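Chemist: I'd like to ask you about the structure that follows.
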Amino acid sequence: MYAIVSTGGKQYKVALGDVIEVEKLAAEPGDKVTLPVLFISTDDGIVVDADELAKASVEATVVEHFKGEKQLVFKFKKRKGYKKMQGHRQQLTRIQATAITTPDGKTSTFEAPAPKQAAADEPAPAADDEKQDDAE
């Protein structure tokens, strides 16, 4: 299942668990935002009717705010000696799609996997012993 959502004047294809970078949103990291749906594809088919899509939604969690890569703006007029270079870094927000609600009311959710923790009581593998055995 996936949906096409609109935010910041652009359209994005999202599925559950996808992390996308969008124009900066007015929300703090950890907040949930709801994105308007333009198109939704489910196992039953696709939905493009505006009345049906009004019932659908995509919920996402704000992961972080950051600046994008620098875009160079170079202005030049030939034979006039005019050159001007500027740079621009767009403010962006990284969000993760956590729930997609279909027009018929079914909601699919995504739970982020828990981070792995290294066991403190396990001894580290002895790589030096293996090298010494090979050398003999």
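Letters A, B, ... mark the chains of the structure tokens in the order given; residue numbers begin at 1 per chain; ligand numbers begin at 1, in order shown.
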With only C-alpha atoms as the counted atoms, please give the residues lying no more than 10 Å from Glu59 in chain A, apart from itself and same-chain residues fewer than 5 positions off, as number ranges by chain.
Modeler: A: 16, 32-36, 95-101, 109
Chemist: Give the alpha helix (DSSP H) residues of range 8-101 of chain A, as DSSP finds them on the backbone, and put them as a PyMOL selection string.
Modeler: chain A and resi 50-53
Chemist: Near Val48 in chain A, within 7 Å and counting only C-alpha atoms, which residues show up once chain neighbours fewer than 5 positions away are dropped, as number ranges by chain?
Modeler: A: 38-40, 53
Chemist: Pull the strand (DSSP E) assignments for range 3-119 of chain A out of DSSP run on the backbone, and list those residues as number ranges by chain.
Modeler: A: 3-7, 10-15, 19-23, 32-35, 37-42, 45-47, 57-67, 71-77, 82-88, 91-101, 107-109
Chemist: Would you put the residues from that selection into a file with C-alpha atoms, as a short mmCIF file (atom, residue, chain, number, x, y, z; two decimals), in the first residue's frame?
Modeler:
data_model
loop_
_atom_site.label_atom_id
_atom_site.label_comp_id
_atom_site.auth_asym_id
_atom_site.auth_seq_id
_atom_site.Cartn_x
_atom_site.Cartn_y
_atom_site.Cartn_z
CA ALA A 3 -0.07 6.99 -1.17
CA ILE A 4 0.82 10.17 -3.01
CA VAL A 5 0.82 13.13 -0.58
CA SER A 6 1.28 16.84 -1.13
CA THR A 7 3.31 19.18 1.07
CA LYS A 10 5.52 19.11 -4.08
CA GLN A 11 4.15 15.59 -4.27
CA TYR A 12 5.76 12.54 -2.67
CA LYS A 13 5.11 8.80 -2.88
CA VAL A 14 5.11 7.28 0.62
CA ALA A 15 4.61 3.80 2.03
CA VAL A 19 11.51 8.45 5.51
CA ILE A 20 11.22 11.46 3.19
CA GLU A 21 12.67 14.96 3.15
CA VAL A 22 10.14 17.76 2.68
CA GLU A 23 10.08 21.56 2.90
CA LYS A 32 2.92 13.92 14.45
CA VAL A 33 1.70 15.66 11.29
CA THR A 34 -1.15 14.73 8.94
CA LEU A 35 -0.55 15.05 5.20
CA VAL A 37 -3.65 12.49 0.20
CA LEU A 38 -3.93 12.95 -3.59
CA PHE A 39 -3.90 9.27 -4.59
CA ILE A 40 -3.93 5.99 -2.68
CA SER A 41 -3.16 2.47 -3.86
CA THR A 42 -4.33 -0.49 -1.78
CA GLY A 45 -7.29 -1.10 -6.10
CA ILE A 46 -6.62 2.59 -6.47
CA VAL A 47 -8.59 5.60 -5.27
CA SER A 57 -4.94 10.48 5.44
CA VAL A 58 -1.27 9.82 6.01
CA GLU A 59 0.18 10.42 9.45
CA ALA A 60 3.91 11.02 9.81
CA THR A 61 6.33 11.68 12.65
CA VAL A 62 8.87 14.51 12.41
CA VAL A 63 12.35 13.03 12.74
CA GLU A 64 14.52 16.17 12.43
CA HIS A 65 15.00 19.59 10.87
CA PHE A 66 18.12 20.23 8.80
CA LYS A 67 19.58 22.23 5.93
CA GLN A 71 22.75 25.14 -4.38
CA LEU A 72 24.99 27.54 -6.30
CA VAL A 73 23.43 30.53 -8.07
CA PHE A 74 25.78 31.99 -10.69
CA LYS A 75 24.87 35.13 -12.66
CA PHE A 76 26.95 36.14 -15.66
CA LYS A 77 26.70 38.67 -18.47
CA TYR A 82 29.69 40.97 -14.54
CA LYS A 83 29.87 37.78 -12.50
CA LYS A 84 28.08 37.06 -9.27
CA MET A 85 28.00 33.81 -7.31
CA GLN A 86 25.68 33.09 -4.41
CA GLY A 87 24.68 29.99 -2.53
CA HIS A 88 21.42 28.81 -0.96
CA GLN A 91 15.49 24.42 5.28
CA LEU A 92 14.13 20.84 5.22
CA THR A 93 12.31 18.44 7.54
CA ARG A 94 12.82 14.67 7.59
CA ILE A 95 9.58 12.79 8.34
CA GLN A 96 8.68 9.10 8.64
CA ALA A 97 5.29 7.79 7.52
CA THR A 98 3.74 5.94 10.48
CA ALA A 99 0.09 5.39 9.49
CA ILE A 100 -2.00 5.32 6.32
CA THR A 101 -5.79 5.49 6.67
CA THR A 107 -5.61 2.02 9.21
CA SER A 108 -2.20 0.46 8.63
CA THR A 109 0.46 1.48 11.12
#
Chemist: Could you tell me how far CA of Gly105 in chain A sits from CA of Asp51 in chain A, in Å to one decimal place?
Modeler: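 So the answer is 13.7 Å.
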Chemist: To one decimal in Å, tell me the separation between CA of Asp43 in chain A and CA of Ala56 in chain A.
Modeler: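 For CA of Asp43 in chain A relative to CA of Ala56 in chain A, the distance reads 15.1 Å.
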